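Q: Could you have a look at this structure, given as structure tokens, before my questions?
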Amino acid sequence: MKKFVADPSFWALFPGAAIGVLAVEGVNKAARLSPEQSAEVEALLKSANAAALAGLDQGAALSQYRPVAVWREAYQKFPTKKGARCSIEALLKRVSKGEPVGSIAPTVDITNAVSLKYALPIGAEDMDAFDGDLHLGVMAGGEDFLPIGADEPDPPRPGELAYYDAAGAVCRCWNWRDGRRTAVKDSTTSEFIAMECVDPARMDELKAALDELAGLLERYTGARVVAKGVVSQACREIMIQA
């Protein structure tokens, strides 16, 4: 059995945060959709890009947009690598420059669509690659970590917040950079998906986004949801795999 646990060190930094968690099995990352389904997913992503653009204040800096600003503030509460930013900022930055997020694969498109629609960061990992339980907490520094696309290790800094398991870090700077060891691949069939929220005023949106993502993955990729819930101060862990 495997579970996801948000450590006391995380709650000491972010007592009002919440993490929406989905554990899905039977995922077909490279699913071949019918023409009708492909058109529906394409329309979903197009609509999400438009909604994200409409939500931006075109006269203001992206860093001042509240869904981005709250994450800029959050990243100041723990040591980070220079230039590290929350994943949602990267998506919104593209949209703000008139470069809509394009199609990659059904599961990625669906996840990006929900992330853009709700302006919430979403990350996925290969659940079968976890060594024991997955945690989110403060690092001692130097934990094993090989970033996606890199040839050399790039371990977390002391005090950095990261997802980790018994073998090392899984995602650095909370939701900034994934590691190669647990990265989702075409062969991945079991995924851990995290959707993070640091704005207490948006908890209802987090729950709505979590429900929508679960339904879309079931409908279009054949995924089977085996765990779904919100991890918070009141409930700090969730079972993700039997």
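Chain labels follow the order of the structure tokens: the first chain is A, the next B, and so on; residue numbering restarts at 1 in every chain, and ligands are counted from 1 in their shown order.
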Residues near segment 117-121 of chain A, anyone? I mean within 8 Å using only C-alpha atoms, not counting same-chain ones fewer than 3 positions away, as a PyMOL selection string.

A: chain A and resi 48-49+51-52+67+86-88+92+113-114+175+195-197+205-206+209

Q: Selected residues, N, CA, C and O atoms, written as a tab-separated table (two decimals), in the first residue's frame, please.

A:
```
chain	number	residue	atom	x	y	z
A	48	ALA	N	-10.40	26.53	-22.72
A	48	ALA	CA	-9.61	26.81	-21.52
A	48	ALA	C	-8.57	27.90	-21.80
A	48	ALA	O	-8.34	28.77	-20.95
A	49	ASN	N	-7.96	27.86	-22.97
A	49	ASN	CA	-7.02	28.92	-23.35
A	49	ASN	C	-7.71	30.28	-23.38
A	49	ASN	O	-7.18	31.28	-22.90
A	51	ALA	N	-10.49	31.12	-21.80
A	51	ALA	CA	-10.89	31.51	-20.45
A	51	ALA	C	-9.70	32.07	-19.67
A	51	ALA	O	-9.83	33.05	-18.93
A	52	ALA	N	-8.53	31.44	-19.85
A	52	ALA	CA	-7.33	31.91	-19.15
A	52	ALA	C	-6.96	33.31	-19.64
A	52	ALA	O	-6.63	34.19	-18.83
A	67	PRO	N	-3.89	34.65	-9.13
A	67	PRO	CA	-3.49	33.24	-9.11
A	67	PRO	C	-1.98	33.04	-9.26
A	67	PRO	O	-1.45	32.00	-8.85
A	86	CYS	N	6.13	28.61	-9.98
A	86	CYS	CA	5.03	27.65	-9.97
A	86	CYS	C	4.65	27.28	-11.40
A	86	CYS	O	4.69	28.13	-12.31
A	87	SER	N	4.27	26.03	-11.62
A	87	SER	CA	3.98	25.55	-12.97
A	87	SER	C	2.83	26.30	-13.65
A	87	SER	O	2.83	26.45	-14.88
A	88	ILE	N	1.86	26.79	-12.90
A	88	ILE	CA	0.74	27.49	-13.53
A	88	ILE	C	1.20	28.80	-14.16
A	88	ILE	O	0.65	29.24	-15.17
A	92	LEU	N	0.30	30.22	-17.98
A	92	LEU	CA	-0.35	31.51	-18.16
A	92	LEU	C	0.55	32.50	-18.89
A	92	LEU	O	0.07	33.38	-19.61
A	113	ALA	N	-6.01	21.71	-19.85
A	113	ALA	CA	-7.28	22.44	-19.98
A	113	ALA	C	-7.85	22.77	-18.61
A	113	ALA	O	-8.29	23.91	-18.37
A	114	VAL	N	-7.85	21.81	-17.70
A	114	VAL	CA	-8.37	22.06	-16.36
A	114	VAL	C	-7.47	23.04	-15.61
A	114	VAL	O	-7.95	23.94	-14.91
A	175	ASN	N	6.27	22.49	-6.87
A	175	ASN	CA	5.68	22.04	-8.14
A	175	ASN	C	6.40	22.62	-9.35
A	175	ASN	O	5.80	22.82	-10.40
A	195	MET	N	-3.04	18.67	-7.35
A	195	MET	CA	-3.55	19.98	-7.75
A	195	MET	C	-3.48	20.87	-6.51
A	195	MET	O	-4.18	20.62	-5.52
A	196	GLU	N	-2.59	21.87	-6.54
A	196	GLU	CA	-2.32	22.62	-5.31
A	196	GLU	C	-3.00	23.97	-5.25
A	196	GLU	O	-3.15	24.65	-6.29
A	197	CYS	N	-3.38	24.37	-4.05
A	197	CYS	CA	-4.04	25.66	-3.84
A	197	CYS	C	-3.49	26.30	-2.56
A	197	CYS	O	-3.51	25.67	-1.49
A	205	GLU	N	-13.23	26.15	-5.71
A	205	GLU	CA	-12.74	25.99	-7.07
A	205	GLU	C	-11.82	24.79	-7.17
A	205	GLU	O	-11.84	24.05	-8.18
A	206	LEU	N	-11.01	24.57	-6.15
A	206	LEU	CA	-10.12	23.40	-6.13
A	206	LEU	C	-10.93	22.11	-6.20
A	206	LEU	O	-10.61	21.21	-6.99
A	209	ALA	N	-12.47	21.71	-9.67
A	209	ALA	CA	-11.46	21.34	-10.66
A	209	ALA	C	-11.08	19.87	-10.51
A	209	ALA	O	-10.88	19.16	-11.50
```

Q: Excluding same-chain residues fewer than 2 positions from segment 220-229 of chain A, what lies within 8 Å of it counting only C-alpha atoms, as a ChimeraX atom specification?

A: /A:20-29,31,33,37,106-107,214,216-218,231,238-241

Q: Pick out the residues sitting within 9 Å of Val198 of chain A, and hand them over as a ChimeraX atom specification; count only C-alpha atoms, and ignore anything fewer than 4 positions along from it in its own chain.

A: /A:14,16-19,70-71,74,202-203

Q: Going by DSSP on the backbone, which residues of segment 151-216 of chain A come out as strand (DSSP E or B)? List them as an MDAnalysis selection string.

A: chainID A and resid 161:165 168:172 177:179 191:197

Q: Taking only residues of segment 87-143 of chain A that have an atom at most 9 Å from an atom of segment 151-166 of chain A, what is each one's shortest atom pair and its distance in Å to one decimal, using only C-alpha atoms, in chain and number order, as JSON lines?

A:
```
{"residue": "A:Phe130", "atom": "CA", "partner": "A:Asp165", "partner_atom": "CA", "distance": 6.5}
{"residue": "A:Asp131", "atom": "CA", "partner": "A:Ala166", "partner_atom": "CA", "distance": 5.4}
{"residue": "A:Gly132", "atom": "CA", "partner": "A:Ala166", "partner_atom": "CA", "distance": 6.1}
{"residue": "A:Asp133", "atom": "CA", "partner": "A:Asp165", "partner_atom": "CA", "distance": 5.9}
{"residue": "A:Leu134", "atom": "CA", "partner": "A:Asp165", "partner_atom": "CA", "distance": 4.9}
{"residue": "A:His135", "atom": "CA", "partner": "A:Tyr164", "partner_atom": "CA", "distance": 5.3}
{"residue": "A:Leu136", "atom": "CA", "partner": "A:Tyr163", "partner_atom": "CA", "distance": 4.4}
{"residue": "A:Gly137", "atom": "CA", "partner": "A:Leu161", "partner_atom": "CA", "distance": 5.5}
{"residue": "A:Val138", "atom": "CA", "partner": "A:Leu161", "partner_atom": "CA", "distance": 4.5}
{"residue": "A:Met139", "atom": "CA", "partner": "A:Gly159", "partner_atom": "CA", "distance": 5.3}
{"residue": "A:Ala140", "atom": "CA", "partner": "A:Pro158", "partner_atom": "CA", "distance": 4.8}
{"residue": "A:Gly141", "atom": "CA", "partner": "A:Pro158", "partner_atom": "CA", "distance": 3.9}
{"residue": "A:Gly142", "atom": "CA", "partner": "A:Pro155", "partner_atom": "CA", "distance": 4.9}
{"residue": "A:Glu143", "atom": "CA", "partner": "A:Pro155", "partner_atom": "CA", "distance": 5.4}
```

Q: Can you write just those residues out, all heavy atoms, as a short mmCIF file (atom, residue, chain, number, x, y, z; two decimals), in the first residue's frame?

A:
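That gives us selection_0.cif:
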```cif
data_model
loop_
_atom_site.label_atom_id
_atom_site.label_comp_id
_atom_site.auth_asym_id
_atom_site.auth_seq_id
_atom_site.Cartn_x
_atom_site.Cartn_y
_atom_site.Cartn_z
N PHE A 130 7.12 5.17 -7.46
CA PHE A 130 7.40 5.65 -6.10
C PHE A 130 8.06 4.55 -5.27
O PHE A 130 7.66 3.38 -5.34
CB PHE A 130 6.12 6.09 -5.39
CG PHE A 130 5.46 7.31 -5.98
CD1 PHE A 130 4.12 7.56 -5.74
CD2 PHE A 130 6.16 8.20 -6.77
CE1 PHE A 130 3.49 8.67 -6.27
CE2 PHE A 130 5.55 9.31 -7.32
CZ PHE A 130 4.21 9.55 -7.07
N ASP A 131 9.03 4.92 -4.48
CA ASP A 131 9.65 4.01 -3.52
C ASP A 131 8.99 4.24 -2.16
O ASP A 131 9.37 5.14 -1.42
CB ASP A 131 11.16 4.28 -3.45
CG ASP A 131 11.90 3.26 -2.59
OD1 ASP A 131 11.23 2.49 -1.86
OD2 ASP A 131 13.14 3.24 -2.62
N GLY A 132 7.96 3.47 -1.88
CA GLY A 132 7.21 3.67 -0.64
C GLY A 132 6.23 4.82 -0.77
O GLY A 132 5.76 5.15 -1.86
N ASP A 133 5.91 5.45 0.35
CA ASP A 133 4.96 6.55 0.38
C ASP A 133 5.54 7.81 -0.26
O ASP A 133 6.75 8.03 -0.26
CB ASP A 133 4.55 6.87 1.82
CG ASP A 133 3.80 5.73 2.49
OD1 ASP A 133 3.19 4.92 1.76
OD2 ASP A 133 3.82 5.67 3.73
N LEU A 134 4.65 8.64 -0.79
CA LEU A 134 5.03 9.95 -1.31
C LEU A 134 4.76 10.99 -0.24
O LEU A 134 3.70 10.97 0.40
CB LEU A 134 4.23 10.28 -2.56
CG LEU A 134 4.55 11.63 -3.22
CD1 LEU A 134 5.95 11.61 -3.83
CD2 LEU A 134 3.50 11.97 -4.28
N HIS A 135 5.72 11.89 -0.04
CA HIS A 135 5.59 12.95 0.96
C HIS A 135 5.76 14.31 0.31
O HIS A 135 6.35 14.44 -0.76
CB HIS A 135 6.66 12.80 2.04
CG HIS A 135 6.49 11.62 2.94
ND1 HIS A 135 6.03 11.71 4.23
CD2 HIS A 135 6.72 10.30 2.72
CE1 HIS A 135 5.99 10.51 4.78
NE2 HIS A 135 6.40 9.63 3.87
N LEU A 136 5.27 15.33 1.00
CA LEU A 136 5.55 16.71 0.66
C LEU A 136 6.06 17.37 1.92
O LEU A 136 5.35 17.41 2.94
CB LEU A 136 4.29 17.42 0.16
CG LEU A 136 4.41 18.93 -0.12
CD1 LEU A 136 5.45 19.20 -1.20
CD2 LEU A 136 3.05 19.52 -0.52
N GLY A 137 7.29 17.85 1.88
CA GLY A 137 7.86 18.44 3.08
C GLY A 137 9.18 19.13 2.80
O GLY A 137 9.65 19.22 1.67
N VAL A 138 9.79 19.62 3.86
CA VAL A 138 11.04 20.37 3.77
C VAL A 138 12.21 19.39 3.67
O VAL A 138 12.29 18.41 4.42
CB VAL A 138 11.20 21.30 4.99
CG1 VAL A 138 12.59 21.90 5.04
CG2 VAL A 138 10.14 22.40 4.95
N MET A 139 13.13 19.68 2.76
CA MET A 139 14.28 18.82 2.50
C MET A 139 15.48 19.16 3.39
O MET A 139 15.69 20.31 3.76
CB MET A 139 14.72 18.97 1.04
CG MET A 139 13.67 18.61 0.00
SD MET A 139 13.37 16.83 -0.12
CE MET A 139 11.99 16.66 1.02
N ALA A 140 16.26 18.14 3.71
CA ALA A 140 17.52 18.36 4.42
C ALA A 140 18.55 18.95 3.46
O ALA A 140 19.48 19.65 3.88
CB ALA A 140 18.04 17.04 5.00
N GLY A 141 18.38 18.66 2.16
CA GLY A 141 19.32 19.11 1.15
C GLY A 141 20.20 17.96 0.68
O GLY A 141 20.61 17.12 1.48
N GLY A 142 20.46 17.92 -0.61
CA GLY A 142 21.34 16.89 -1.15
C GLY A 142 20.64 15.59 -1.52
O GLY A 142 21.32 14.63 -1.92
N GLU A 143 19.33 15.52 -1.40
CA GLU A 143 18.61 14.30 -1.77
C GLU A 143 18.80 13.99 -3.26
O GLU A 143 18.95 14.90 -4.08
CB GLU A 143 17.12 14.44 -1.46
CG GLU A 143 16.76 14.42 0.02
CD GLU A 143 16.91 15.76 0.69
OE1 GLU A 143 17.28 16.74 0.00
OE2 GLU A 143 16.65 15.86 1.90
#
```

Q: As an exercise, work out the distance from atom CA of Glu99 of chain A to atom CA of Glu191 of chain A in Å and give it to one decimal place.

A: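 These atoms are spaced 28.2 Å apart.
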
Q: Go through A:Arg172, A:Arg177, A:Lys3, A:Arg236 one by one, measure the shortest atom-to-atom distance of each to Pro79 of chain A using only C-alpha atoms, and give the residue with the smallest value.

A: A:Arg172

Q: Mind the document's chain letters and residue numbers, and return as number ranges by chain the residues of segment 50-209 of chain A that DSSP labels helix (DSSP H, G or I).

A: A: 50-55, 62-64, 66-77, 87-96, 106-118, 127-129, 200-209

Q: How would the residues just picked look written out with C-alpha atoms as a PDB file, in the first residue's frame?

A:
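As written to disk, selection_18.pdb reads:
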```pdb
ATOM      1  CA  ALA A  50      -9.671  31.534 -24.053  1.00  0.00           C
ATOM      2  CA  ALA A  51     -10.890  31.512 -20.446  1.00  0.00           C
ATOM      3  CA  ALA A  52      -7.334  31.911 -19.153  1.00  0.00           C
ATOM      4  CA  LEU A  53      -6.703  34.855 -21.479  1.00  0.00           C
ATOM      5  CA  ALA A  54      -9.984  36.506 -20.521  1.00  0.00           C
ATOM      6  CA  GLY A  55      -9.053  36.258 -16.852  1.00  0.00           C
ATOM      7  CA  LEU A  62       1.427  38.690 -14.997  1.00  0.00           C
ATOM      8  CA  SER A  63       3.067  38.650 -11.566  1.00  0.00           C
ATOM      9  CA  GLN A  64       0.223  40.860 -10.291  1.00  0.00           C
ATOM     10  CA  ARG A  66      -3.815  36.966  -8.178  1.00  0.00           C
ATOM     11  CA  PRO A  67      -3.485  33.239  -9.114  1.00  0.00           C
ATOM     12  CA  VAL A  68       0.167  33.967  -9.953  1.00  0.00           C
ATOM     13  CA  ALA A  69       0.843  36.504  -7.196  1.00  0.00           C
ATOM     14  CA  VAL A  70      -0.158  34.087  -4.422  1.00  0.00           C
ATOM     15  CA  TRP A  71       2.376  31.575  -5.759  1.00  0.00           C
ATOM     16  CA  ARG A  72       5.107  34.197  -6.061  1.00  0.00           C
ATOM     17  CA  GLU A  73       4.492  34.947  -2.384  1.00  0.00           C
ATOM     18  CA  ALA A  74       4.447  31.232  -1.509  1.00  0.00           C
ATOM     19  CA  TYR A  75       7.821  30.658  -3.189  1.00  0.00           C
ATOM     20  CA  GLN A  76       9.352  33.308  -0.930  1.00  0.00           C
ATOM     21  CA  LYS A  77       8.658  31.167   2.137  1.00  0.00           C
ATOM     22  CA  SER A  87       3.976  25.547 -12.968  1.00  0.00           C
ATOM     23  CA  ILE A  88       0.740  27.487 -13.530  1.00  0.00           C
ATOM     24  CA  GLU A  89       2.744  30.653 -14.166  1.00  0.00           C
ATOM     25  CA  ALA A  90       4.513  28.997 -17.093  1.00  0.00           C
ATOM     26  CA  LEU A  91       1.194  28.084 -18.732  1.00  0.00           C
ATOM     27  CA  LEU A  92      -0.349  31.507 -18.157  1.00  0.00           C
ATOM     28  CA  LYS A  93       2.783  33.230 -19.432  1.00  0.00           C
ATOM     29  CA  ARG A  94       2.378  31.499 -22.782  1.00  0.00           C
ATOM     30  CA  VAL A  95      -1.283  32.492 -22.974  1.00  0.00           C
ATOM     31  CA  SER A  96      -0.504  36.103 -22.064  1.00  0.00           C
ATOM     32  CA  PRO A 106      -5.252  13.402 -24.644  1.00  0.00           C
ATOM     33  CA  THR A 107      -4.242  13.073 -20.977  1.00  0.00           C
ATOM     34  CA  VAL A 108      -1.896  16.064 -21.179  1.00  0.00           C
ATOM     35  CA  ASP A 109      -4.427  18.158 -23.062  1.00  0.00           C
ATOM     36  CA  ILE A 110      -7.151  17.417 -20.518  1.00  0.00           C
ATOM     37  CA  THR A 111      -4.874  18.219 -17.591  1.00  0.00           C
ATOM     38  CA  ASN A 112      -3.685  21.457 -19.190  1.00  0.00           C
ATOM     39  CA  ALA A 113      -7.282  22.435 -19.978  1.00  0.00           C
ATOM     40  CA  VAL A 114      -8.366  22.061 -16.356  1.00  0.00           C
ATOM     41  CA  SER A 115      -5.220  23.799 -15.112  1.00  0.00           C
ATOM     42  CA  LEU A 116      -5.835  26.769 -17.417  1.00  0.00           C
ATOM     43  CA  LYS A 117      -9.573  26.952 -16.764  1.00  0.00           C
ATOM     44  CA  TYR A 118      -9.134  27.148 -12.997  1.00  0.00           C
ATOM     45  CA  MET A 127       2.735   6.132  -9.154  1.00  0.00           C
ATOM     46  CA  ASP A 128       4.341   2.733  -9.742  1.00  0.00           C
ATOM     47  CA  ALA A 129       7.778   4.372  -9.680  1.00  0.00           C
ATOM     48  CA  PRO A 200      -8.003  29.793   1.095  1.00  0.00           C
ATOM     49  CA  ALA A 201     -10.646  31.744  -0.827  1.00  0.00           C
ATOM     50  CA  ARG A 202     -10.419  29.268  -3.723  1.00  0.00           C
ATOM     51  CA  MET A 203     -11.087  25.958  -1.981  1.00  0.00           C
ATOM     52  CA  ASP A 204     -14.446  25.473  -3.702  1.00  0.00           C
ATOM     53  CA  GLU A 205     -12.740  25.990  -7.069  1.00  0.00           C
ATOM     54  CA  LEU A 206     -10.115  23.402  -6.126  1.00  0.00           C
ATOM     55  CA  LYS A 207     -12.799  20.824  -5.398  1.00  0.00           C
ATOM     56  CA  ALA A 208     -14.663  21.636  -8.609  1.00  0.00           C
ATOM     57  CA  ALA A 209     -11.458  21.336 -10.657  1.00  0.00           C
TER      58      ALA A 209
END
```
